[in-house]
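To be precise, the following lines are protein22.csv, and they hold CSV, C-alpha atoms.
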```csv
chain,number,residue,atom,x,y,z
A,1,MET,CA,14.8,19.2,32.6
A,2,ASN,CA,16.9,16.1,31.8
A,3,ASP,CA,14.2,13.8,33.3
A,4,ILE,CA,11.5,15.4,31.1
A,5,ARG,CA,13.7,15.1,28.0
A,6,ASN,CA,14.4,11.4,28.8
A,7,THR,CA,10.7,10.7,29.4
A,8,THR,CA,9.8,12.3,26.1
A,9,SER,CA,12.5,10.4,24.3
A,10,ARG,CA,11.3,7.2,25.8
A,11,HIS,CA,7.8,7.8,24.7
A,12,ALA,CA,8.9,8.7,21.2
A,13,ARG,CA,10.8,5.4,21.0
A,14,ILE,CA,7.8,3.4,22.2
A,15,LEU,CA,5.5,5.1,19.7
A,16,ALA,CA,8.1,4.6,16.9
A,17,ARG,CA,8.4,0.8,17.7
A,18,TRP,CA,4.6,0.3,17.7
A,19,SER,CA,4.2,2.3,14.5
A,20,LEU,CA,6.8,0.0,12.9
A,21,VAL,CA,4.9,-3.0,14.2
A,22,ALA,CA,1.6,-1.6,12.7
A,23,SER,CA,3.3,-0.9,9.4
A,24,LEU,CA,4.5,-4.5,9.2
A,25,LEU,CA,1.1,-5.8,10.2
A,26,ALA,CA,-0.5,-3.7,7.5
A,27,VAL,CA,1.7,-5.5,4.9
A,28,VAL,CA,0.5,-8.8,6.3
A,29,VAL,CA,-3.1,-7.7,6.0
A,30,ILE,CA,-2.5,-6.6,2.4
A,31,MET,CA,-1.0,-10.0,1.6
A,32,LEU,CA,-3.8,-11.9,3.4
A,33,GLY,CA,-6.3,-9.8,1.4
A,34,ALA,CA,-4.6,-10.8,-1.8
A,35,TRP,CA,-4.6,-14.5,-0.7
A,36,THR,CA,-8.3,-14.3,0.1
A,37,ARG,CA,-9.1,-12.9,-3.4
A,38,LEU,CA,-6.9,-15.3,-5.2
A,39,VAL,CA,-8.5,-18.4,-3.6
A,40,ASP,CA,-12.0,-17.0,-4.4
A,41,ALA,CA,-12.8,-16.7,-0.7
A,42,GLY,CA,-14.0,-13.1,-0.7
A,43,LEU,CA,-17.5,-14.3,0.1
A,44,GLY,CA,-16.4,-17.3,2.2
A,45,CYS,CA,-18.5,-15.8,5.0
A,46,PRO,CA,-21.7,-14.1,3.6
A,47,ASP,CA,-22.1,-11.9,6.7
A,48,TRP,CA,-19.9,-9.4,8.6
A,49,PRO,CA,-18.1,-9.3,11.0
A,50,GLY,CA,-18.7,-12.9,12.0
A,51,CYS,CA,-19.0,-15.9,9.8
A,52,TYR,CA,-22.6,-17.3,9.5
A,53,GLY,CA,-23.3,-15.6,12.8
A,54,PHE,CA,-20.4,-17.2,14.6
A,55,LEU,CA,-17.0,-15.8,15.6
A,56,THR,CA,-15.2,-18.6,13.8
A,57,VAL,CA,-16.0,-20.7,10.7
A,58,PRO,CA,-18.6,-23.3,11.6
A,59,GLN,CA,-17.1,-26.8,11.3
A,60,ASP,CA,-19.1,-29.2,13.5
A,61,GLU,CA,-22.3,-30.6,12.2
A,62,ALA,CA,-24.6,-28.7,14.6
A,63,ARG,CA,-23.2,-25.3,13.8
A,64,MET,CA,-23.0,-26.0,10.1
A,65,ALA,CA,-26.7,-27.0,10.1
A,66,ILE,CA,-27.5,-23.7,11.9
A,67,ALA,CA,-25.3,-21.7,9.4
A,68,ASN,CA,-26.9,-23.4,6.4
A,69,ALA,CA,-30.4,-22.6,7.7
A,70,ARG,CA,-29.4,-18.9,8.2
A,71,PHE,CA,-27.9,-18.6,4.7
A,72,PRO,CA,-29.5,-21.3,2.5
A,73,ASP,CA,-28.2,-19.7,-0.7
A,74,THR,CA,-24.6,-19.9,0.4
A,75,PRO,CA,-23.8,-23.2,2.1
A,76,VAL,CA,-20.8,-23.4,4.4
A,77,ASP,CA,-17.5,-23.9,2.6
A,78,VAL,CA,-14.9,-24.3,5.4
A,79,GLU,CA,-11.9,-24.1,3.0
A,80,LYS,CA,-13.1,-20.6,1.8
A,81,GLY,CA,-14.4,-19.4,5.1
A,82,TRP,CA,-11.0,-19.6,6.9
A,83,PRO,CA,-9.0,-17.4,4.5
A,84,GLU,CA,-11.8,-14.7,4.9
A,85,MET,CA,-11.8,-14.9,8.7
A,86,ILE,CA,-8.0,-15.0,9.1
A,87,HIS,CA,-7.9,-11.8,7.0
A,88,ARG,CA,-10.6,-10.3,9.3
A,89,TYR,CA,-8.8,-11.3,12.5
A,90,ALA,CA,-5.5,-9.7,11.2
A,91,ALA,CA,-7.3,-6.5,10.1
A,92,GLY,CA,-9.1,-6.3,13.5
A,93,PHE,CA,-5.8,-6.7,15.3
A,94,LEU,CA,-4.3,-4.0,13.1
A,95,GLY,CA,-7.2,-1.7,14.0
A,96,LEU,CA,-6.6,-2.3,17.8
A,97,VAL,CA,-2.9,-1.5,17.4
A,98,VAL,CA,-3.7,1.7,15.5
A,99,PHE,CA,-6.3,2.8,18.1
A,100,GLY,CA,-3.6,2.2,20.8
A,101,LEU,CA,-1.1,4.3,18.8
A,102,ALA,CA,-3.7,7.1,18.5
A,103,ALA,CA,-4.5,7.0,22.2
A,104,PHE,CA,-0.9,7.0,23.3
A,105,ALA,CA,0.0,9.9,20.9
A,106,PHE,CA,-2.9,11.9,22.1
A,107,ARG,CA,-2.1,11.3,25.7
A,108,HIS,CA,1.5,12.5,25.3
A,109,ARG,CA,0.8,15.2,22.7
A,110,ARG,CA,2.2,18.0,25.0
A,111,GLU,CA,5.6,16.3,24.8
A,112,GLY,CA,5.9,17.1,21.1
A,113,LEU,CA,4.8,13.7,19.8
A,114,PRO,CA,2.9,13.8,16.5
A,115,PHE,CA,-0.8,13.1,17.3
A,116,ARG,CA,-2.8,14.5,14.4
A,117,LEU,CA,-1.5,11.8,12.0
A,118,PRO,CA,-2.2,8.9,14.4
A,119,MET,CA,-5.7,10.2,15.1
A,120,PHE,CA,-6.4,10.5,11.3
A,121,ILE,CA,-5.1,7.0,10.7
A,122,ALA,CA,-7.4,5.7,13.5
A,123,LEU,CA,-10.4,7.5,11.8
A,124,PHE,CA,-9.3,6.1,8.4
A,125,ILE,CA,-9.2,2.6,9.9
A,126,VAL,CA,-12.9,2.9,10.8
A,127,LEU,CA,-13.6,3.9,7.2
A,128,GLN,CA,-11.5,1.0,5.9
A,129,GLY,CA,-13.5,-1.4,8.2
A,130,ALA,CA,-16.7,0.0,6.6
A,131,PHE,CA,-15.4,-0.8,3.2
A,132,GLY,CA,-14.5,-4.3,4.4
A,133,MET,CA,-18.1,-4.7,5.4
A,134,TRP,CA,-19.5,-3.3,2.2
A,135,THR,CA,-17.2,-5.7,0.2
A,136,VAL,CA,-19.1,-8.6,1.7
A,137,THR,CA,-22.6,-7.1,1.9
A,138,LEU,CA,-22.5,-5.7,-1.6
A,139,LYS,CA,-21.1,-9.1,-2.9
A,140,LEU,CA,-17.7,-7.9,-4.1
A,141,TRP,CA,-19.0,-4.9,-6.0
A,142,PRO,CA,-15.9,-3.9,-8.0
A,143,GLN,CA,-16.0,-0.3,-7.1
A,144,VAL,CA,-16.0,-1.1,-3.4
A,145,VAL,CA,-13.4,-3.8,-3.7
A,146,ALA,CA,-11.0,-1.5,-5.6
A,147,LEU,CA,-11.5,1.3,-3.0
A,148,HIS,CA,-10.9,-1.2,-0.2
A,149,LEU,CA,-7.7,-2.4,-1.7
A,150,LEU,CA,-6.5,1.2,-2.2
A,151,GLY,CA,-7.5,1.9,1.4
A,152,GLY,CA,-5.2,-0.8,2.6
A,153,PHE,CA,-2.3,0.7,0.7
A,154,THR,CA,-3.2,4.2,2.0
A,155,THR,CA,-3.2,2.9,5.6
A,156,LEU,CA,0.2,1.3,5.1
A,157,SER,CA,1.6,4.6,3.6
A,158,MET,CA,0.4,6.7,6.5
A,159,LEU,CA,1.8,4.3,9.1
A,160,THR,CA,5.1,4.3,7.3
A,161,LEU,CA,5.1,8.1,7.2
A,162,LEU,CA,4.4,8.1,10.9
A,163,THR,CA,7.3,5.8,11.5
A,164,LEU,CA,9.6,8.0,9.5
A,165,ARG,CA,8.5,11.1,11.4
A,166,LEU,CA,9.1,9.5,14.7
A,167,ARG,CA,12.5,8.1,13.8
A,168,GLY,CA,13.4,11.6,12.6
A,169,LYS,CA,12.3,13.0,15.9
A,170,GLN,CA,14.5,10.5,17.8
A,171,GLN,CA,17.5,11.5,15.7
A,172,ARG,CA,17.0,15.1,16.3
A,173,ASP,CA,16.5,14.6,20.0
A,174,ALA,CA,19.7,12.6,20.1
A,175,ILE,CA,22.1,14.8,18.1
A,176,GLY,CA,20.2,18.1,17.9
A,177,PRO,CA,19.1,19.9,14.7
A,178,VAL,CA,21.0,18.9,11.6
A,179,LYS,CA,22.0,21.2,8.8
A,180,ARG,CA,22.3,19.8,5.3
A,181,VAL,CA,23.7,21.3,2.2
A,182,THR,CA,21.6,21.3,-0.9
A,183,ARG,CA,21.7,22.7,-4.5
A,184,GLU,CA,19.0,23.1,-7.0
A,185,PRO,CA,16.3,21.9,-4.6
A,186,ASN,CA,13.5,22.1,-7.2
A,187,ARG,CA,15.3,20.1,-9.9
A,188,PHE,CA,14.1,16.7,-8.9
A,189,ARG,CA,11.0,17.5,-6.9
A,190,PRO,CA,8.6,17.4,-9.8
A,191,TRP,CA,10.1,14.0,-10.8
A,192,LEU,CA,9.6,12.7,-7.3
A,193,TYR,CA,6.0,13.7,-7.1
A,194,GLY,CA,5.4,12.5,-10.7
A,195,GLY,CA,6.9,9.1,-9.9
A,196,LEU,CA,4.7,8.8,-6.8
A,197,ALA,CA,1.6,9.7,-8.8
A,198,LEU,CA,2.5,7.1,-11.4
A,199,VAL,CA,3.0,4.4,-8.7
A,200,VAL,CA,-0.4,5.3,-7.2
A,201,MET,CA,-2.1,5.2,-10.5
A,202,GLN,CA,-0.6,1.8,-11.3
A,203,ILE,CA,-1.7,0.4,-8.0
A,204,ALA,CA,-5.2,1.7,-8.7
A,205,LEU,CA,-5.1,-0.1,-12.1
A,206,GLY,CA,-3.9,-3.2,-10.3
A,207,ALA,CA,-6.8,-2.9,-7.8
A,208,TRP,CA,-9.3,-2.5,-10.7
A,209,THR,CA,-7.7,-5.5,-12.4
A,210,ALA,CA,-8.1,-7.6,-9.3
A,211,ALA,CA,-11.6,-6.5,-8.6
A,212,ASN,CA,-12.8,-7.4,-12.1
A,213,TYR,CA,-10.8,-10.7,-12.3
A,214,ALA,CA,-8.9,-9.4,-15.3
A,215,ALA,CA,-5.4,-10.8,-14.4
A,216,VAL,CA,-5.9,-13.9,-16.6
A,217,ALA,CA,-7.4,-12.0,-19.6
A,218,CYS,CA,-4.0,-12.2,-21.4
A,219,THR,CA,-2.0,-15.3,-21.0
A,220,ASP,CA,0.9,-14.7,-23.4
A,221,LEU,CA,3.8,-12.3,-23.6
A,222,PRO,CA,4.7,-9.8,-25.0
A,223,THR,CA,1.4,-9.9,-27.0
A,224,CYS,CA,-2.1,-10.4,-25.6
A,225,GLN,CA,-4.0,-13.3,-27.2
A,226,GLY,CA,-1.6,-13.2,-30.1
A,227,GLU,CA,-2.0,-9.5,-30.8
A,228,TRP,CA,0.0,-6.5,-29.9
A,229,TRP,CA,-3.1,-4.4,-29.5
A,230,PRO,CA,-6.2,-6.6,-29.5
A,231,ALA,CA,-8.8,-5.2,-31.8
A,232,ASP,CA,-11.9,-6.1,-29.8
A,233,MET,CA,-10.9,-4.5,-26.5
A,234,ASP,CA,-13.9,-2.8,-24.9
A,235,PHE,CA,-12.6,0.1,-22.8
A,236,ALA,CA,-16.0,1.6,-22.2
A,237,HIS,CA,-17.2,-1.7,-20.6
A,238,GLY,CA,-13.9,-2.5,-18.9
A,239,PHE,CA,-13.8,0.9,-17.1
A,240,ASP,CA,-17.5,1.3,-16.5
A,241,VAL,CA,-17.7,2.5,-12.9
A,242,THR,CA,-21.5,2.6,-12.9
A,243,GLN,CA,-21.9,-1.1,-12.6
A,244,HIS,CA,-25.1,-1.6,-10.6
A,245,VAL,CA,-25.3,-3.1,-7.2
A,246,GLY,CA,-27.0,-6.4,-6.9
A,247,PRO,CA,-25.3,-9.3,-8.7
A,248,ASN,CA,-22.8,-11.5,-7.1
A,249,TYR,CA,-19.6,-10.3,-8.5
A,250,LEU,CA,-17.5,-13.3,-7.4
A,251,GLY,CA,-15.6,-14.3,-10.5
A,252,GLY,CA,-16.5,-11.0,-12.2
A,253,GLN,CA,-19.4,-9.9,-14.5
A,254,LEU,CA,-17.4,-8.1,-17.3
A,255,THR,CA,-17.2,-9.5,-20.8
A,256,ALA,CA,-13.9,-10.9,-22.0
A,257,ASP,CA,-13.3,-7.9,-24.2
A,258,GLY,CA,-13.7,-5.6,-21.2
A,259,ARG,CA,-11.3,-7.6,-19.1
A,260,VAL,CA,-8.7,-7.6,-21.9
A,261,ALA,CA,-8.9,-3.8,-22.0
A,262,ILE,CA,-8.2,-3.6,-18.3
A,263,HIS,CA,-5.3,-6.0,-18.5
A,264,VAL,CA,-3.7,-4.3,-21.4
A,265,THR,CA,-4.1,-0.9,-19.7
A,266,HIS,CA,-2.3,-2.3,-16.6
A,267,ARG,CA,0.5,-3.6,-18.8
A,268,VAL,CA,0.9,-0.2,-20.6
A,269,GLY,CA,0.9,1.5,-17.2
A,270,ALA,CA,3.7,-0.9,-16.1
A,271,MET,CA,5.8,0.0,-19.2
A,272,ILE,CA,5.3,3.7,-18.6
A,273,LEU,CA,6.3,3.3,-15.0
A,274,LEU,CA,9.4,1.4,-15.9
A,275,ALA,CA,10.5,3.9,-18.5
A,276,TYR,CA,9.9,6.8,-16.2
A,277,PHE,CA,11.8,5.4,-13.3
A,278,THR,CA,14.6,4.1,-15.5
A,279,VAL,CA,15.4,7.7,-16.6
A,280,PHE,CA,14.7,9.3,-13.3
A,281,LEU,CA,16.7,6.9,-11.2
A,282,ALA,CA,19.6,7.1,-13.6
A,283,LEU,CA,19.7,10.9,-13.3
A,284,LEU,CA,19.3,10.8,-9.5
A,285,TRP,CA,21.9,8.1,-9.1
A,286,ARG,CA,24.5,10.2,-11.0
A,287,ARG,CA,23.7,13.1,-8.7
A,288,THR,CA,23.8,11.0,-5.4
A,289,LYS,CA,26.3,8.2,-6.1
A,290,GLN,CA,28.9,9.7,-3.7
A,291,THR,CA,26.4,10.4,-0.9
A,292,PRO,CA,24.4,8.3,1.6
A,293,MET,CA,21.2,9.1,-0.4
A,294,VAL,CA,22.3,6.7,-3.1
A,295,ARG,CA,21.1,3.7,-1.1
A,296,HIS,CA,17.6,5.0,-1.1
A,297,VAL,CA,17.7,5.5,-4.8
A,298,GLN,CA,19.0,1.9,-5.2
A,299,LEU,CA,16.2,0.6,-3.0
A,300,VAL,CA,13.6,2.0,-5.4
A,301,ALA,CA,15.4,0.5,-8.4
A,302,VAL,CA,15.7,-3.0,-6.8
A,303,VAL,CA,12.0,-3.1,-5.7
A,304,LEU,CA,10.9,-1.9,-9.1
A,305,ALA,CA,12.9,-4.6,-10.9
A,306,ALA,CA,11.5,-7.2,-8.5
A,307,GLN,CA,7.9,-6.0,-9.1
A,308,ILE,CA,8.3,-6.1,-12.9
A,309,ALA,CA,9.7,-9.6,-12.7
A,310,LEU,CA,6.9,-10.8,-10.5
A,311,GLY,CA,4.3,-9.2,-12.9
A,312,LEU,CA,5.9,-11.1,-15.8
A,313,ALA,CA,6.0,-14.3,-13.8
A,314,ASN,CA,2.3,-14.0,-13.1
A,315,ILE,CA,1.6,-14.1,-16.8
A,316,VAL,CA,4.1,-16.7,-17.8
A,317,PHE,CA,3.1,-19.2,-15.0
A,318,HIS,CA,-0.6,-18.3,-15.1
A,319,ILE,CA,-1.1,-16.5,-11.8
A,320,PRO,CA,0.4,-19.0,-9.3
A,321,LEU,CA,-0.8,-18.2,-5.8
A,322,SER,CA,2.6,-17.5,-4.2
A,323,VAL,CA,3.8,-15.2,-7.1
A,324,ALA,CA,0.5,-13.3,-7.2
A,325,VAL,CA,0.6,-12.6,-3.4
A,326,ALA,CA,4.2,-11.6,-3.7
A,327,HIS,CA,3.2,-9.2,-6.6
A,328,ASN,CA,0.7,-7.5,-4.3
A,329,ALA,CA,3.3,-7.2,-1.5
A,330,MET,CA,6.0,-5.9,-3.8
A,331,GLY,CA,3.5,-3.3,-5.1
A,332,ALA,CA,3.2,-2.1,-1.5
A,333,GLY,CA,7.0,-2.2,-1.2
A,334,LEU,CA,7.5,0.0,-4.3
A,335,LEU,CA,5.0,2.6,-2.9
A,336,LEU,CA,6.9,2.7,0.4
A,337,ALA,CA,10.3,2.9,-1.3
A,338,VAL,CA,9.2,5.9,-3.3
A,339,ILE,CA,7.6,7.5,-0.2
A,340,ASN,CA,10.9,6.9,1.7
A,341,LEU,CA,12.9,8.5,-1.1
A,342,LEU,CA,10.6,11.5,-1.1
A,343,TRP,CA,10.8,11.8,2.6
A,344,ARG,CA,14.6,11.7,2.6
A,345,PHE,CA,14.7,14.3,-0.1
A,346,HIS,CA,12.5,16.7,1.8
A,347,GLN,CA,14.3,16.1,5.2
A,348,GLN,CA,17.9,16.1,4.0
A,349,GLY,CA,17.8,17.9,0.7
A,350,LEU,CA,19.8,16.8,-2.3
A,351,PRO,CA,23.3,16.0,-0.9
A,352,GLN,CA,26.3,17.7,-2.4
A,353,PRO,CA,28.8,15.4,-4.0
A,354,ALA,CA,32.2,15.4,-2.5
A,355,ASP,CA,33.9,16.5,-5.7
A,356,ALA,CA,31.5,19.3,-6.5
A,357,THR,CA,33.1,22.7,-6.9
A,358,HIS,CA,32.0,26.3,-7.6
A,359,THR,CA,28.4,25.7,-6.6
A,360,THR,CA,25.9,27.9,-4.9
A,361,THR,CA,24.6,26.3,-1.7
A,362,ILE,CA,21.7,26.9,0.5
A,363,GLU,CA,21.8,25.8,4.1
A,364,ARG,CA,18.6,24.9,5.7
A,365,GLU,CA,17.7,23.2,9.0
A,366,VAL,CA,15.8,20.0,8.9
A,367,THR,CA,12.5,20.3,10.7
A,368,ALA,CA,9.9,17.8,11.8
```

Show the structure stored in the file as structure tokens.
Amino acid sequence: MNDIRNTTSRHARILARWSLVASLLAVVVIMLGAWTRLVDAGLGCPDWPGCYGFLTVPQDEARMAIANARFPDTPVDVEKGWPEMIHRYAAGFLGLVVFGLAAFAFRHRREGLPFRLPMFIALFIVLQGAFGMWTVTLKLWPQVVALHLLGGFTTLSMLTLLTLRLRGKQQRDAIGPVKRVTREPNRFRPWLYGGLALVVMQIALGAWTAANYAAVACTDLPTCQGEWWPADMDFAHGFDVTQHVGPNYLGGQLTADGRVAIHVTHRVGAMILLAYFTVFLALLWRRTKQTPMVRHVQLVAVVLAAQIALGLANIVFHIPLSVAVAHNAMGAGLLLAVINLLWRFHQQGLPQPADATHTTTIEREVTA
């Protein structure tokens, strides 16, 4: 019996470590995707999955001549081809790791390891790869680009959730079922889900902003083009999701007024998000400040502050590459911090402060 338990524990540790590796790799892929967009290399290779029919970017004269003959309308640009291919290599490696996770989890499913989530992530990676292909073949069609960006964040979220589940299983295997004390379990739950929904919507707005090259539509703060609410904003055009397939969308096809509408909406979303979490985290901090849960609350606050600062720096310094890539990465960090807080809340409940008295408590056992 002990041998079986030790084997199961070892397999859970292996899966947890590789799940963490996959999560970190997903962050790298997101950052590389942002870098590729920001250097206008989204069509650095006009075909998929290779580059002008080769596994690497053609650089010697012979291969460049062949590539230019194959794609006469898009001559080889080595400086833009490599960011695109590096992104593809990293995404391909992430896919292999995810498939390995799914295979390992399925093989050892009878040991109690979670396998449905790894299998779903593997299937989602296939869909994400298809969106990567359509991003190129449909010439950066904004709808596909935005969905591809959201798919990257979704992949990262699921891998992080898998890591948290596996680490929770390791803890339970090591110390047995843990009982927590909680009070008013429904008090903060709507806030948590509301906050998560706001973060997702803001990320979606950011994806739409990036897909339509609207980040530089407003270059001043706190106004936009000298106005608090630009009079000529065209929301119908800016958020037209029926843009037809066909044109090359590199650099965007929207009018200036449409891009301003997108940018201002993204700014308003950031202000709503900041106000919401300022109130929510203040209330939650007061409730958890004498418990271990407080560090997870503080993590969300720190990441949110960093993300707002990076967003402002993007505008003040006119979208410098390093700041813009960091802004994308910190967006992923904010999403993960909120997911982590939500996970801790569900698994541990709302901890009881040490000085609390005369309270009604409900004991419940943490389950996987």

Among A:Thr209, A:Ala197, A:Thr255, A:Val260, A:Ile339 is approached most closely, using only C-alpha atoms, by A:Ala197

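Using only C-alpha atoms, the smallest distance between any of A:Leu101, A:Leu205, A:Leu113, A:Ala41 and A:Met85 comes from A:Ala41.
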
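Nearest to A:Leu284 of all the residues A:Ala305, A:Ala204, A:Met133, A:Trp191 is A:Trp191, counting all atoms listed in the file.
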
Between atom CA of A:Leu312 and atom CA of A:Ala215, what is the distance, to one decimal in Å? 11.4 Å

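Around A:Gln143, within 7 Å and counting only C-alpha atoms, the residues found are Ala146, Leu147 and Val241 of chain A, once anything fewer than 3 positions away on its own chain is removed.
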
Can you work out which one of A:Leu299, A:Ala210, A:Ala261, A:Met158 has the shortest atom-to-atom distance to A:Asp232, counting only C-alpha atoms?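 Going through A:Leu299, A:Ala210, A:Ala261, A:Met158 one by one, the smallest distance to A:Asp232 is for A:Ala261.
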
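For the pair atom CA of A:Gly44 and atom CA of A:Glu84, the separation is 5.9 Å.
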
List the spatial neighbours of A:Thr135 as an MDAnalysis selection string - criterion: any atom at most 12 Å away, only C-alpha atoms, same-chain residues fewer than 5 positions off excluded. chainID A and resid 33 37 41:49 84 128:130 140:149 211 245 248:250

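Here atom CA of A:Ala217 stands at a distance of 17.9 Å from atom CA of A:Asn328.
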
Can you list, as a VMD selection string, every protein, DNA or RNA residue that comes within 9 Å of A:Val76 when you count all atoms listed in the file, leaving out same-chain residues fewer than 4 positions away? chain A and resid 44 to 45 52 57 to 59 64 to 65 67 to 68 71 80 to 81

Just checking: using all atoms listed in the file, which residue out of A:Leu283, A:Val216, A:Leu150, A:Ile308 ends up closest to A:Met330? A:Ile308

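For the choices A:Ile125, A:Leu159, A:Leu166, A:Phe120, the atom-to-atom distance to A:Arg10 is smallest for A:Leu166 when using all atoms listed in the file.
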